[in-house]
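Source file: start06.cif. Holds: mmCIF, C-alpha atoms.
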```
data_coords
loop_
_atom_site.label_atom_id
_atom_site.label_comp_id
_atom_site.auth_asym_id
_atom_site.auth_seq_id
_atom_site.Cartn_x
_atom_site.Cartn_y
_atom_site.Cartn_z
CA ASP A 1 -24.98 1.01 46.69
CA VAL A 2 -23.39 4.20 45.48
CA ASP A 3 -20.58 2.22 43.82
CA ALA A 4 -23.06 -0.11 42.04
CA ALA A 5 -24.88 2.73 40.27
CA PRO A 6 -22.05 3.65 37.85
CA ARG A 7 -21.63 -0.01 36.86
CA GLN A 8 -25.31 -0.20 35.96
CA ARG A 9 -24.97 2.88 33.75
CA GLU A 10 -21.91 1.45 31.93
CA GLN A 11 -23.57 -1.83 30.91
CA PRO A 12 -26.04 -0.34 28.36
CA SER A 13 -23.24 1.57 26.60
CA ALA A 14 -21.23 -1.64 26.14
CA ALA A 15 -24.17 -3.72 24.86
CA PRO A 16 -24.07 -2.59 21.17
CA THR A 17 -20.54 -4.02 20.72
CA PRO A 18 -21.56 -7.74 20.61
CA ASP A 19 -24.65 -6.88 18.51
CA THR A 20 -22.64 -5.42 15.61
CA SER A 21 -19.99 -8.16 15.32
CA PRO A 22 -22.33 -11.02 14.31
CA LYS A 23 -23.67 -8.89 11.44
CA SER A 24 -20.22 -8.36 9.99
CA GLU A 25 -19.31 -12.05 10.44
CA GLY A 26 -22.50 -13.14 8.61
CA LYS A 27 -21.78 -11.07 5.48
CA PRO A 28 -20.04 -13.85 3.42
CA GLY A 29 -23.36 -15.66 3.11
CA GLY A 30 -25.41 -12.54 2.61
CA ALA A 31 -26.93 -10.48 -0.16
CA VAL A 32 -26.24 -10.93 -3.86
CA GLU A 33 -24.64 -7.79 -5.30
CA ASP A 34 -25.35 -8.59 -8.97
CA GLY A 35 -26.06 -11.55 -11.19
CA ALA A 36 -27.21 -12.91 -14.52
CA VAL A 37 -28.93 -16.00 -15.95
CA ASP A 38 -28.17 -17.24 -19.47
CA TRP A 39 -30.78 -19.52 -21.07
CA GLY A 40 -31.82 -20.07 -24.68
CA VAL A 41 -35.14 -21.86 -23.93
CA ARG A 42 -34.65 -24.49 -26.68
CA ARG A 43 -32.96 -24.28 -30.04
CA THR A 44 -35.70 -26.04 -32.02
CA PHE A 45 -38.23 -23.67 -30.45
CA ARG A 46 -36.25 -20.62 -31.58
CA GLU A 47 -35.98 -22.11 -35.06
CA TYR A 48 -39.72 -22.75 -35.12
CA VAL A 49 -40.45 -19.16 -34.10
CA THR A 50 -38.39 -17.70 -36.94
CA GLY A 51 -39.12 -20.47 -39.45
CA ASP A 52 -41.66 -20.77 -42.24
CA ILE A 53 -44.59 -22.04 -40.13
CA ALA A 54 -44.68 -19.44 -37.35
CA ASP A 55 -42.83 -16.78 -39.42
CA GLY A 56 -42.35 -14.86 -36.19
CA GLU A 57 -39.76 -13.14 -34.04
CA TRP A 58 -38.71 -12.46 -30.49
CA THR A 59 -38.29 -9.12 -28.76
CA LEU A 60 -36.26 -8.36 -25.63
CA THR A 61 -37.20 -5.72 -23.07
CA ALA A 62 -36.34 -4.55 -19.54
CA GLY A 63 -32.62 -5.09 -20.05
CA ALA A 64 -32.61 -8.64 -21.42
CA GLN A 65 -29.80 -9.31 -23.90
CA ASP A 66 -29.54 -11.56 -26.96
CA GLY A 67 -26.47 -13.78 -27.15
CA GLY A 68 -27.48 -15.36 -30.45
CA ALA A 69 -28.17 -18.83 -29.04
CA LEU A 70 -29.24 -17.72 -25.59
CA PHE A 71 -30.86 -14.86 -23.70
CA ARG A 72 -29.28 -13.10 -20.72
CA PHE A 73 -31.44 -11.91 -17.84
CA PRO A 74 -29.30 -9.48 -15.78
CA GLY A 75 -29.62 -7.47 -12.57
CA GLY A 76 -29.62 -10.38 -10.15
CA GLU A 77 -30.69 -9.71 -6.56
CA GLY A 78 -31.19 -12.20 -3.77
CA THR A 79 -29.36 -14.21 -1.15
CA TYR A 80 -26.77 -16.96 -0.99
CA GLU A 81 -25.96 -18.98 2.08
CA ASP A 82 -24.37 -22.38 2.67
CA GLY A 83 -24.76 -23.49 -0.94
CA ASP A 84 -28.39 -22.40 -1.28
CA LEU A 85 -29.32 -19.57 -3.61
CA THR A 86 -32.41 -17.51 -4.32
CA ALA A 87 -32.07 -14.75 -6.92
CA ALA A 88 -34.43 -12.74 -9.12
CA PHE A 89 -33.39 -11.22 -12.45
CA ASP A 90 -34.48 -8.43 -14.79
CA GLY A 91 -35.46 -8.71 -18.43
CA ALA A 92 -38.21 -10.21 -20.56
CA VAL A 93 -38.47 -12.03 -23.88
CA ARG A 94 -41.59 -12.26 -26.01
CA PHE A 95 -42.08 -14.75 -28.85
CA THR A 96 -44.76 -13.89 -31.43
CA GLY A 97 -45.84 -15.37 -34.73
CA ALA A 98 -48.59 -17.01 -36.74
CA HIS A 99 -51.02 -19.66 -35.48
CA GLY A 100 -51.54 -18.05 -32.08
CA LEU A 101 -47.90 -17.85 -31.03
CA ASP A 102 -47.62 -15.24 -28.26
CA LEU A 103 -45.46 -16.29 -25.33
CA SER A 104 -43.73 -13.93 -22.88
CA LEU A 105 -41.24 -14.86 -20.17
CA SER A 106 -40.31 -12.30 -17.52
CA GLY A 107 -39.58 -12.08 -13.80
CA VAL A 108 -36.99 -14.84 -14.05
CA ARG A 109 -36.01 -16.38 -10.72
CA ALA A 110 -33.48 -19.09 -9.88
CA GLU A 111 -33.58 -21.20 -6.75
CA VAL A 112 -30.99 -23.77 -5.70
CA ARG A 113 -31.52 -26.10 -2.76
CA ASP A 114 -29.25 -29.03 -1.91
CA GLY A 115 -27.59 -28.91 -5.32
CA GLU A 116 -30.84 -28.96 -7.31
CA GLY A 117 -31.98 -25.85 -9.16
CA THR A 118 -35.26 -24.59 -10.56
CA LEU A 119 -35.71 -21.75 -13.04
CA TYR A 120 -38.99 -19.85 -12.72
CA ALA A 121 -40.58 -17.18 -14.90
CA ASP A 122 -43.77 -15.17 -15.12
CA VAL A 123 -45.49 -16.66 -18.17
CA SER A 124 -47.96 -14.79 -20.32
CA SER A 125 -49.65 -16.69 -23.15
CA PRO A 126 -53.16 -17.26 -24.51
CA ASP A 127 -53.67 -19.77 -21.67
CA LEU A 128 -51.61 -18.21 -18.88
CA LYS A 129 -51.73 -14.61 -17.69
CA GLY A 130 -48.62 -13.71 -15.74
CA GLU A 131 -48.44 -16.84 -13.59
CA LYS A 132 -45.13 -17.69 -11.92
CA VAL A 133 -44.21 -21.07 -13.39
CA PRO A 134 -41.32 -23.43 -12.60
CA LEU A 135 -40.10 -23.92 -16.16
CA VAL A 136 -37.07 -26.21 -15.87
CA THR A 137 -35.03 -28.03 -13.28
CA PHE A 138 -31.26 -28.35 -13.43
CA SER A 139 -28.41 -29.86 -11.46
CA ALA A 140 -26.41 -27.09 -9.81
CA GLY A 141 -24.00 -29.25 -7.85
CA GLU A 142 -22.29 -27.88 -4.77
CA LEU A 143 -22.28 -24.10 -4.99
CA LYS A 144 -19.12 -22.56 -3.54
CA PRO A 145 -17.90 -18.97 -3.95
CA ALA A 146 -14.72 -18.35 -5.96
CA ASP A 147 -13.33 -14.86 -6.56
CA GLY A 148 -16.51 -13.40 -5.14
CA LEU A 149 -18.74 -15.34 -7.58
CA VAL A 150 -21.07 -18.30 -7.35
CA LYS A 151 -21.52 -19.91 -10.76
CA VAL A 152 -23.41 -22.66 -12.55
CA THR A 153 -22.14 -23.31 -16.08
CA GLU A 154 -24.29 -24.97 -18.75
CA ALA A 155 -26.21 -27.19 -16.38
CA PRO A 156 -28.44 -29.69 -18.27
CA ALA A 157 -32.09 -28.71 -17.85
CA LYS A 158 -35.37 -30.58 -18.17
CA LEU A 159 -38.86 -29.21 -18.67
CA THR A 160 -41.26 -29.48 -15.74
CA ALA A 161 -44.92 -30.45 -16.02
CA ARG A 162 -45.94 -26.82 -15.49
CA GLY A 163 -43.34 -25.78 -18.02
CA ALA A 164 -44.92 -28.09 -20.58
CA GLU A 165 -48.24 -26.30 -19.97
CA ALA A 166 -46.51 -22.94 -20.44
CA PHE A 167 -45.40 -24.05 -23.92
CA GLY A 168 -48.93 -25.09 -24.80
CA GLY A 169 -48.12 -28.80 -24.88
CA LEU A 170 -45.45 -28.30 -27.52
CA TYR A 171 -42.99 -30.37 -25.45
CA ARG A 172 -43.63 -33.09 -22.93
CA ALA A 173 -42.56 -32.87 -19.29
CA GLY A 174 -39.00 -34.14 -18.97
CA THR A 175 -37.93 -32.88 -22.41
CA VAL A 176 -34.31 -31.75 -22.45
CA MET A 177 -34.18 -27.97 -22.86
CA ASP A 178 -31.22 -25.65 -23.39
CA PRO A 179 -28.70 -25.63 -20.52
CA VAL A 180 -28.86 -23.07 -17.73
CA SER A 181 -25.89 -20.89 -16.77
CA LEU A 182 -25.98 -18.42 -13.93
CA ALA A 183 -23.54 -16.31 -11.99
CA VAL A 184 -24.08 -14.11 -8.94
CA ALA A 185 -21.61 -11.70 -7.39
CA LEU A 186 -21.28 -11.75 -3.62
CA THR A 187 -18.92 -8.76 -3.53
CA ALA A 188 -19.17 -5.40 -5.22
CA ASP A 189 -15.84 -5.86 -7.04
CA ALA A 190 -16.60 -9.31 -8.49
CA THR A 191 -16.92 -9.42 -12.30
CA LEU A 192 -19.68 -11.40 -13.99
CA PRO A 193 -18.77 -13.56 -17.01
CA ALA A 194 -19.14 -11.81 -20.37
CA LEU A 195 -22.20 -12.59 -22.45
CA PRO A 196 -21.10 -15.33 -24.88
CA ASP A 197 -21.90 -14.71 -28.54
CA LEU A 198 -22.85 -18.30 -29.31
CA GLY A 199 -24.87 -17.16 -32.31
CA SER A 200 -21.72 -16.65 -34.40
CA ALA A 201 -21.53 -20.37 -35.21
CA PRO A 202 -23.71 -21.40 -38.18
CA THR A 203 -25.12 -24.43 -36.34
CA ALA A 204 -26.37 -22.23 -33.53
CA SER A 205 -27.98 -19.54 -35.65
CA ALA A 206 -31.53 -18.53 -34.74
CA SER A 207 -32.12 -16.62 -37.98
CA PRO A 208 -35.03 -17.63 -40.25
CA GLN A 209 -34.28 -20.31 -42.82
CA PRO A 210 -34.71 -19.40 -46.51
CA ARG A 211 -37.95 -20.44 -48.15
CA GLY A 212 -37.85 -23.93 -49.59
CA THR A 213 -34.93 -25.14 -47.47
CA THR A 214 -35.02 -27.98 -44.99
CA GLY A 215 -37.40 -27.33 -42.10
CA PRO A 216 -37.01 -27.70 -38.33
CA GLU A 217 -37.77 -31.44 -38.48
CA THR A 218 -34.33 -32.17 -40.00
CA SER A 219 -32.30 -29.42 -38.34
CA ALA A 220 -29.52 -30.29 -35.91
CA GLU A 221 -30.49 -30.64 -32.28
CA PRO A 222 -29.11 -28.19 -29.70
CA VAL A 223 -26.04 -29.19 -27.74
CA ALA A 224 -28.13 -29.79 -24.63
CA SER A 225 -30.76 -31.84 -26.44
CA ALA A 226 -29.03 -35.17 -26.88
CA ASP A 227 -32.24 -36.96 -25.89
CA ASP A 228 -35.46 -35.68 -27.38
CA ASP A 229 -37.56 -38.24 -25.45
CA GLY A 230 -39.14 -39.34 -28.71
CA PHE A 231 -41.11 -36.14 -29.13
CA PRO A 232 -41.49 -34.84 -32.69
CA ALA A 233 -38.95 -32.15 -33.57
CA LEU A 234 -41.50 -30.21 -35.66
CA PRO A 235 -43.26 -27.79 -33.26
CA VAL A 236 -46.90 -26.73 -33.56
CA PHE A 237 -47.30 -24.14 -30.82
CA LEU A 238 -50.90 -24.00 -29.66
CA ALA A 239 -52.03 -24.50 -33.26
CA VAL A 240 -53.27 -27.80 -34.58
CA GLY A 241 -54.32 -25.83 -37.65
CA ALA A 242 -50.67 -25.32 -38.50
CA LEU A 243 -50.42 -29.03 -39.35
CA LEU A 244 -53.49 -29.14 -41.59
CA PRO A 245 -51.77 -27.82 -44.74
CA VAL A 246 -48.92 -30.27 -44.17
CA ALA A 247 -51.31 -33.19 -43.67
CA ALA A 248 -53.28 -32.23 -46.78
CA ALA A 249 -50.12 -32.09 -48.86
CA LEU A 250 -48.97 -35.50 -47.62
CA THR A 251 -52.38 -37.00 -48.34
CA ALA A 252 -52.34 -35.62 -51.89
CA VAL A 253 -48.89 -37.11 -52.51
CA ALA A 254 -50.02 -40.50 -51.22
CA VAL A 255 -53.10 -40.46 -53.47
CA ARG A 256 -51.02 -39.60 -56.52
CA ARG A 257 -48.62 -42.43 -55.74
CA ARG A 258 -51.45 -44.96 -55.41
CA ARG A 259 -52.92 -43.82 -58.74
CA ALA A 260 -49.55 -44.13 -60.44
CA ARG A 261 -48.95 -47.75 -59.41
CA PRO A 262 -51.41 -49.48 -61.84
CA ALA A 263 -49.85 -47.67 -64.81
CA ALA A 264 -46.44 -49.02 -63.92
CA SER A 265 -47.50 -52.61 -63.32
CA PRO A 266 -47.91 -53.72 -66.98
CA SER A 267 -44.37 -52.81 -67.87
CA GLU A 268 -43.13 -54.62 -64.84
CA ALA A 269 -45.07 -57.74 -65.90
CA ASP A 270 -43.59 -57.56 -69.40
CA ARG A 271 -40.09 -57.48 -67.99
CA GLY A 272 -40.90 -60.60 -65.99
#
```
Whole structure, structure tokens version:
Amino acid sequence: DVDAAPRQREQPSAAPTPDTSPKSEGKPGGAVEDGAVDWGVRRTFREYVTGDIADGEWTLTAGAQDGGALFRFPGGEGTYEDGDLTAAFDGAVRFTGAHGLDLSLSGVRAEVRDGEGTLYADVSSPDLKGEKVPLVTFSAGELKPADGLVKVTEAPAKLTARGAEAFGGLYRAGTVMDPVSLAVALTADATLPALPDLGSAPTASASPQPRGTTGPETSAEPVASADDDGFPALPVFLAVGALLPVAAALTAVAVRRRRARPAASPSEADRG
């Protein structure tokens, strides 16, 4: 009995050793050290915001960056394990303009499960007040770390039904949106990809078009928008009234053309 007592005292001191080793072994699938999401929403939407109809702008806050044809939401935090990712990002973008345009996206979050990703954001608009909305879905493929990073590069994205509501019915559910790129660092020394300056190319410019030039309805589609699902390219964000001047102008042209036809018919008959 005397000999057994020391052995009982030694066992508690040895117990912490197996408890600490599983924690160190589990680190490769652990916390995200840093990260960023790059997404431009949709090129035709950006052109609408800065074009003649909305005559608006966008502003970036809370660390969001403008890459010309996309926005970067930095400061990623979350977890990665066995190909699944959950990460939240800093930054906000607000689109404002005429005809009731006031849309803010913040609190961006990316989730990837079984190779399928969803991009969420807190949406503030005339109809939504800070609701977390799944905006787009994208194919992430099999996420595997390389050089301390997990990356998704220009994954094709489609608008969700809730995302369509967030844009005030401007686009239908399933509409192809701009691609999603994301990168998260799993180690402190991993380097995130640099913010691409895609806005340097003329076809990707988001600057307002000069008055009297061709409008958004004839502008080139974004790279990711090969299929527009038949939806009109001319946006009317939350504002049916924005189409009224256009409709009135078209009606006036049609009336003038109908009135001009009888005057031309006699000469046509003479030639016959």
(message) Which residues are near region 73-82 of chain A? Cut-off 10 Å, only C-alpha atoms, ignore same chain within fewer than 2 positions. Put them as a PyMOL selection string.
(response) chain A and resi 26-39+60-66+70-71+84-93+106-114+142-145+150+182-186+192
(message) I'd like to know which of A:Gly68, A:Gly97, A:Gly174, A:Gly130 is closest to Gly51 (chain A), using only C-alpha atoms.
(response) A:Gly97
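Proximity ranking of A:Asp189, A:Asp102, A:Asp52, A:Glu57 relative to Leu149 (chain A) places A:Asp189 first, based on all atoms listed in the file.
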(request) Grab the CA of Pro134 (chain A) to CA of Tyr120 (chain A) distance for me, in Å with one decimal place. (result) 4.3 Å
(request) Could you jot down the CA of Gly100 (chain A) to CA of Thr118 (chain A) separation for me, Å, one decimal place? (result) 27.8 Å
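With distances restricted to all atoms listed in the file, A:Glu131 is the closest residue to Glu165 (chain A) from A:Asp147, A:Asp178, A:Glu116, A:Glu131.
Going from CA of Ala69 (chain A) over to CA of Lys129 (chain A), you cover 26.5 Å.
The residues caught by the PyMOL selection byres ((chain A and resi 104) around 6) in this file are Val93, Arg94, Leu103, Leu105, Val123 and Ser124 of chain A.
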Store the residues picked out above, limited to C-alpha atoms, as a PDB file, in the frame of the given file.
```pdb
ATOM      1  CA  VAL A  93     -38.470 -12.030 -23.880  1.00  0.00           C
ATOM      2  CA  ARG A  94     -41.590 -12.260 -26.010  1.00  0.00           C
ATOM      3  CA  LEU A 103     -45.460 -16.290 -25.330  1.00  0.00           C
ATOM      4  CA  LEU A 105     -41.240 -14.860 -20.170  1.00  0.00           C
ATOM      5  CA  VAL A 123     -45.490 -16.660 -18.170  1.00  0.00           C
ATOM      6  CA  SER A 124     -47.960 -14.790 -20.320  1.00  0.00           C
TER       7      SER A 124
END
```
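Remark: for Gly67 (chain A), the closest of the candidate residues A:Leu195, A:Ala190, A:Leu119, A:Ala155 is A:Leu195 (distances computed over only C-alpha atoms).
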Per-axis box centre and lengths in Å around region 97-101 of chain A, 8 Å margin per side, axis-aligned, as AutoDock Vina command-line options:
```
--center_x -48.7 --center_y -17.5 --center_z -33.9 --size_x 21.7 --size_y 20.3 --size_z 21.7
```
(message) Taking the file as I've supplied it (selection: the PyMOL selection byres ((chain A and resi 160) around 10)), which residues are included? Please answer as a list in words.
(response) Thr118, Leu119, Val133, Pro134, Leu135, Val136, Thr137, Ala157, Lys158, Leu159, Ala161, Arg162, Gly163, Ala164, Glu165, Ala166, Tyr171, Arg172, Ala173, Gly174, Thr175 and Val176 of chain A
